[in-house]
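*Asks:* One structure, pasted below without further comment.
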Amino acid sequence: MVEILYEDKDIIVVKKPAGMEAQSSSSFAPDMVSEIKKHIHNSYPMKGEPYVGVIHRLDKPVGGIMVYAKNKKAAASLSRQVQDGSVRKIYLAVVCGRTVDNVENFVDYLLKDSKKNMSKIVEKGTTGAKRAELRYRVVDKTEAPQPLALVEVELFTGRHHQIRVQFAGHGLPLWGDRRYNPAFAAGEKGQQGESVALYASRLSFVHPSTGRHVVFQAEPQGEIFRRFAEAMGQMRDVGRQTAVMAENGLNQNT
């Protein structure tokens, strides 16, 4: 069943669970597009198949907030916003190791290996490589049971496995990442059953019909994130204040 944060005639904002494909899948496993179509069909019976436009993506093992368009006009508007960078995507992640700076930008060039479904950092000018940029800030740190940090990440580009690849390449692989964190790939310390500690926690964009700036946020679940419960609680309070300020501004412009 789809967990819906917001829905109207133009868009539907949902929380994608980790382990589900964000778009239509060739397998028999459920995916977000088919689940949303099922929801629309059951809620608003209509002739033909409901339209569900994929605007952005999340890796299968990553959960979090996503927006889908319910008509082509809304899809075109949201897609333009993605292209011009006005859609803001914020993630929470738990990284392994000690961060040097509390705020930092990563700018790298990533090359995708489609056969292995992996990407890697390469030299600028490498054929097929694409520029990847993100900014992170450290929200909290712990030394037990090992050095870990909760980081808030903002993407400025949307490359294949970008956050996972860049942090791993800079010596801070994500907790639970069996693809890019050697400790989990090798199944050390019984960790092979963990999920990757990455969550799309905040999404903001301009509503395609009303022109209003909207912000949606949600908190990640899971044992590793619960270790940073106090820090996430403080972030939640700040997020609520921001949402109230945004809503007040929208009301003044209405």
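Within each chain, counting starts at residue 1; across the structure tokens, chains are named A, B, ... in the order shown, with ligands numbered 1 upward in that order.
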Could you give me, as a PyMOL selection string, each residue of range 35-126 of chain A that DSSP assigns to strand (DSSP E) when run on this structure's backbone?

*Replies:* chain A and resi 53-54+63-69+88-96+103-113+118-122

*Asks:* When you look at range 175-186 of chain A with a cut-off of 10 Å (counting only C-alpha atoms), what residues show up, excluding the ones that are within fewer than 6 positions of it in the same chain? I need them as a list of chain:residue names.

*Replies:*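 Residues meeting the cut-off are A:Pro61, A:Ala93, A:Val94, A:Val95, A:Cys96, A:Gly97, A:Asn117, A:Met118, A:Ser119, A:Lys120, A:Leu148, A:Ala149, A:His161, A:Arg164, A:Val165, A:Gln166, A:Phe167, A:Ala168, A:Gly169, A:Gln192, A:Gly193, A:Glu194, A:Ser195, A:Val196, A:Ala197, A:Leu198, A:Ile224.
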
*Asks:* Compare A:Glu223, A:Glu21, A:Asp10, A:Asp140 by their minimum atom-to-atom distance to Gly63 in chain A, counting only C-alpha atoms, and give me the closest one.

*Replies:*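 The answer is A:Glu21, which sits nearest to Gly63 in chain A.
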
*Asks:* Using only C-alpha atoms, which of A:Val151, A:Ala22, A:Ile40, A:Ala218 sits nearest Glu104 in chain A?

*Replies:*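 Looking at the shortest contact to Glu104 in chain A, the residue is A:Val151.
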
*Asks:* Looking at A:Lys130, A:His213, A:His207, A:Arg159, which one is nearest to Leu78 in chain A, with distances taken over only C-alpha atoms?

*Replies:*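 Using only C-alpha atoms, Leu78 in chain A sits closest to A:His207.
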
*Asks:* When DSSP works through the backbone of this structure, what residues of range 53-153 of chain A end up as alpha helix (DSSP H), shown as a PyMOL selection string?

*Replies:* chain A and resi 72-84

*Asks:* Would you save the residues from that selection as an mmCIF file, in the first residue's frame, using all heavy atoms?

*Replies:*
```
data_model
loop_
_atom_site.group_PDB
_atom_site.id
_atom_site.type_symbol
_atom_site.label_atom_id
_atom_site.label_comp_id
_atom_site.auth_asym_id
_atom_site.auth_seq_id
_atom_site.Cartn_x
_atom_site.Cartn_y
_atom_site.Cartn_z
ATOM 1 N N LYS A 72 0.217 14.990 -17.965
ATOM 2 C CA LYS A 72 1.396 15.359 -18.748
ATOM 3 C C LYS A 72 1.810 16.816 -18.523
ATOM 4 O O LYS A 72 3.004 17.126 -18.555
ATOM 5 C CB LYS A 72 1.134 15.096 -20.236
ATOM 6 C CG LYS A 72 1.025 13.617 -20.568
ATOM 7 C CD LYS A 72 0.827 13.384 -22.058
ATOM 8 C CE LYS A 72 0.760 11.896 -22.368
ATOM 9 N NZ LYS A 72 0.571 11.630 -23.822
ATOM 10 N N LYS A 73 0.851 17.691 -18.292
ATOM 11 C CA LYS A 73 1.184 19.098 -18.061
ATOM 12 C C LYS A 73 1.989 19.247 -16.768
ATOM 13 O O LYS A 73 3.004 19.954 -16.722
ATOM 14 C CB LYS A 73 -0.091 19.935 -17.986
ATOM 15 C CG LYS A 73 0.174 21.430 -17.817
ATOM 16 C CD LYS A 73 -1.134 22.220 -17.806
ATOM 17 C CE LYS A 73 -0.866 23.715 -17.621
ATOM 18 N NZ LYS A 73 -2.143 24.499 -17.604
ATOM 19 N N ALA A 74 1.555 18.561 -15.724
ATOM 20 C CA ALA A 74 2.283 18.598 -14.451
ATOM 21 C C ALA A 74 3.659 17.957 -14.599
ATOM 22 O O ALA A 74 4.652 18.449 -14.048
ATOM 23 C CB ALA A 74 1.478 17.893 -13.365
ATOM 24 N N ALA A 75 3.731 16.870 -15.376
ATOM 25 C CA ALA A 75 5.009 16.196 -15.594
ATOM 26 C C ALA A 75 6.000 17.115 -16.289
ATOM 27 O O ALA A 75 7.185 17.164 -15.930
ATOM 28 C CB ALA A 75 4.791 14.924 -16.423
ATOM 29 N N ALA A 76 5.521 17.862 -17.291
ATOM 30 C CA ALA A 76 6.399 18.778 -18.022
ATOM 31 C C ALA A 76 6.921 19.879 -17.106
ATOM 32 O O ALA A 76 8.104 20.228 -17.137
ATOM 33 C CB ALA A 76 5.651 19.375 -19.205
ATOM 34 N N SER A 77 6.051 20.422 -16.258
ATOM 35 C CA SER A 77 6.447 21.489 -15.339
ATOM 36 C C SER A 77 7.490 20.991 -14.337
ATOM 37 O O SER A 77 8.522 21.641 -14.119
ATOM 38 C CB SER A 77 5.224 22.026 -14.596
ATOM 39 O OG SER A 77 5.613 22.938 -13.578
ATOM 40 N N LEU A 78 7.237 19.850 -13.740
ATOM 41 C CA LEU A 78 8.161 19.311 -12.746
ATOM 42 C C LEU A 78 9.486 18.895 -13.385
ATOM 43 O O LEU A 78 10.558 19.084 -12.798
ATOM 44 C CB LEU A 78 7.517 18.131 -12.023
ATOM 45 C CG LEU A 78 6.341 18.483 -11.095
ATOM 46 C CD1 LEU A 78 5.633 17.224 -10.633
ATOM 47 C CD2 LEU A 78 6.826 19.293 -9.895
ATOM 48 N N SER A 79 9.427 18.352 -14.582
ATOM 49 C CA SER A 79 10.647 17.949 -15.280
ATOM 50 C C SER A 79 11.526 19.159 -15.597
ATOM 51 O O SER A 79 12.753 19.095 -15.494
ATOM 52 C CB SER A 79 10.306 17.194 -16.562
ATOM 53 O OG SER A 79 9.661 15.968 -16.269
ATOM 54 N N ARG A 80 10.889 20.265 -15.975
ATOM 55 C CA ARG A 80 11.649 21.500 -16.222
ATOM 56 C C ARG A 80 12.342 21.965 -14.944
ATOM 57 O O ARG A 80 13.496 22.414 -14.973
ATOM 58 C CB ARG A 80 10.722 22.606 -16.744
ATOM 59 C CG ARG A 80 10.361 22.484 -18.219
ATOM 60 C CD ARG A 80 9.741 23.778 -18.748
ATOM 61 N NE ARG A 80 8.509 24.112 -18.043
ATOM 62 C CZ ARG A 80 7.301 23.708 -18.425
ATOM 63 N NH1 ARG A 80 7.171 22.951 -19.510
ATOM 64 N NH2 ARG A 80 6.229 24.056 -17.741
ATOM 65 N N GLN A 81 11.647 21.850 -13.831
ATOM 66 C CA GLN A 81 12.242 22.254 -12.557
ATOM 67 C C GLN A 81 13.426 21.372 -12.179
ATOM 68 O O GLN A 81 14.423 21.857 -11.626
ATOM 69 C CB GLN A 81 11.188 22.219 -11.450
ATOM 70 C CG GLN A 81 10.087 23.255 -11.610
ATOM 71 C CD GLN A 81 9.085 23.196 -10.475
ATOM 72 O OE1 GLN A 81 9.442 23.289 -9.309
ATOM 73 N NE2 GLN A 81 7.814 23.024 -10.813
ATOM 74 N N VAL A 82 13.319 20.089 -12.489
ATOM 75 C CA VAL A 82 14.448 19.187 -12.239
ATOM 76 C C VAL A 82 15.637 19.601 -13.091
ATOM 77 O O VAL A 82 16.779 19.670 -12.624
ATOM 78 C CB VAL A 82 14.060 17.720 -12.521
ATOM 79 C CG1 VAL A 82 15.303 16.821 -12.494
ATOM 80 C CG2 VAL A 82 13.039 17.232 -11.504
ATOM 81 N N GLN A 83 15.375 19.918 -14.347
ATOM 82 C CA GLN A 83 16.439 20.286 -15.276
ATOM 83 C C GLN A 83 17.120 21.596 -14.886
ATOM 84 O O GLN A 83 18.344 21.730 -15.005
ATOM 85 C CB GLN A 83 15.878 20.390 -16.706
ATOM 86 C CG GLN A 83 15.458 19.054 -17.301
ATOM 87 C CD GLN A 83 16.621 18.090 -17.419
ATOM 88 O OE1 GLN A 83 17.721 18.463 -17.829
ATOM 89 N NE2 GLN A 83 16.396 16.827 -17.063
ATOM 90 N N ASP A 84 16.343 22.561 -14.400
ATOM 91 C CA ASP A 84 16.952 23.853 -14.072
ATOM 92 C C ASP A 84 17.438 23.928 -12.621
ATOM 93 O O ASP A 84 17.944 24.966 -12.176
ATOM 94 C CB ASP A 84 16.007 25.022 -14.383
ATOM 95 C CG ASP A 84 14.746 25.055 -13.513
ATOM 96 O OD1 ASP A 84 14.761 24.512 -12.396
ATOM 97 O OD2 ASP A 84 13.745 25.653 -13.949
#
```
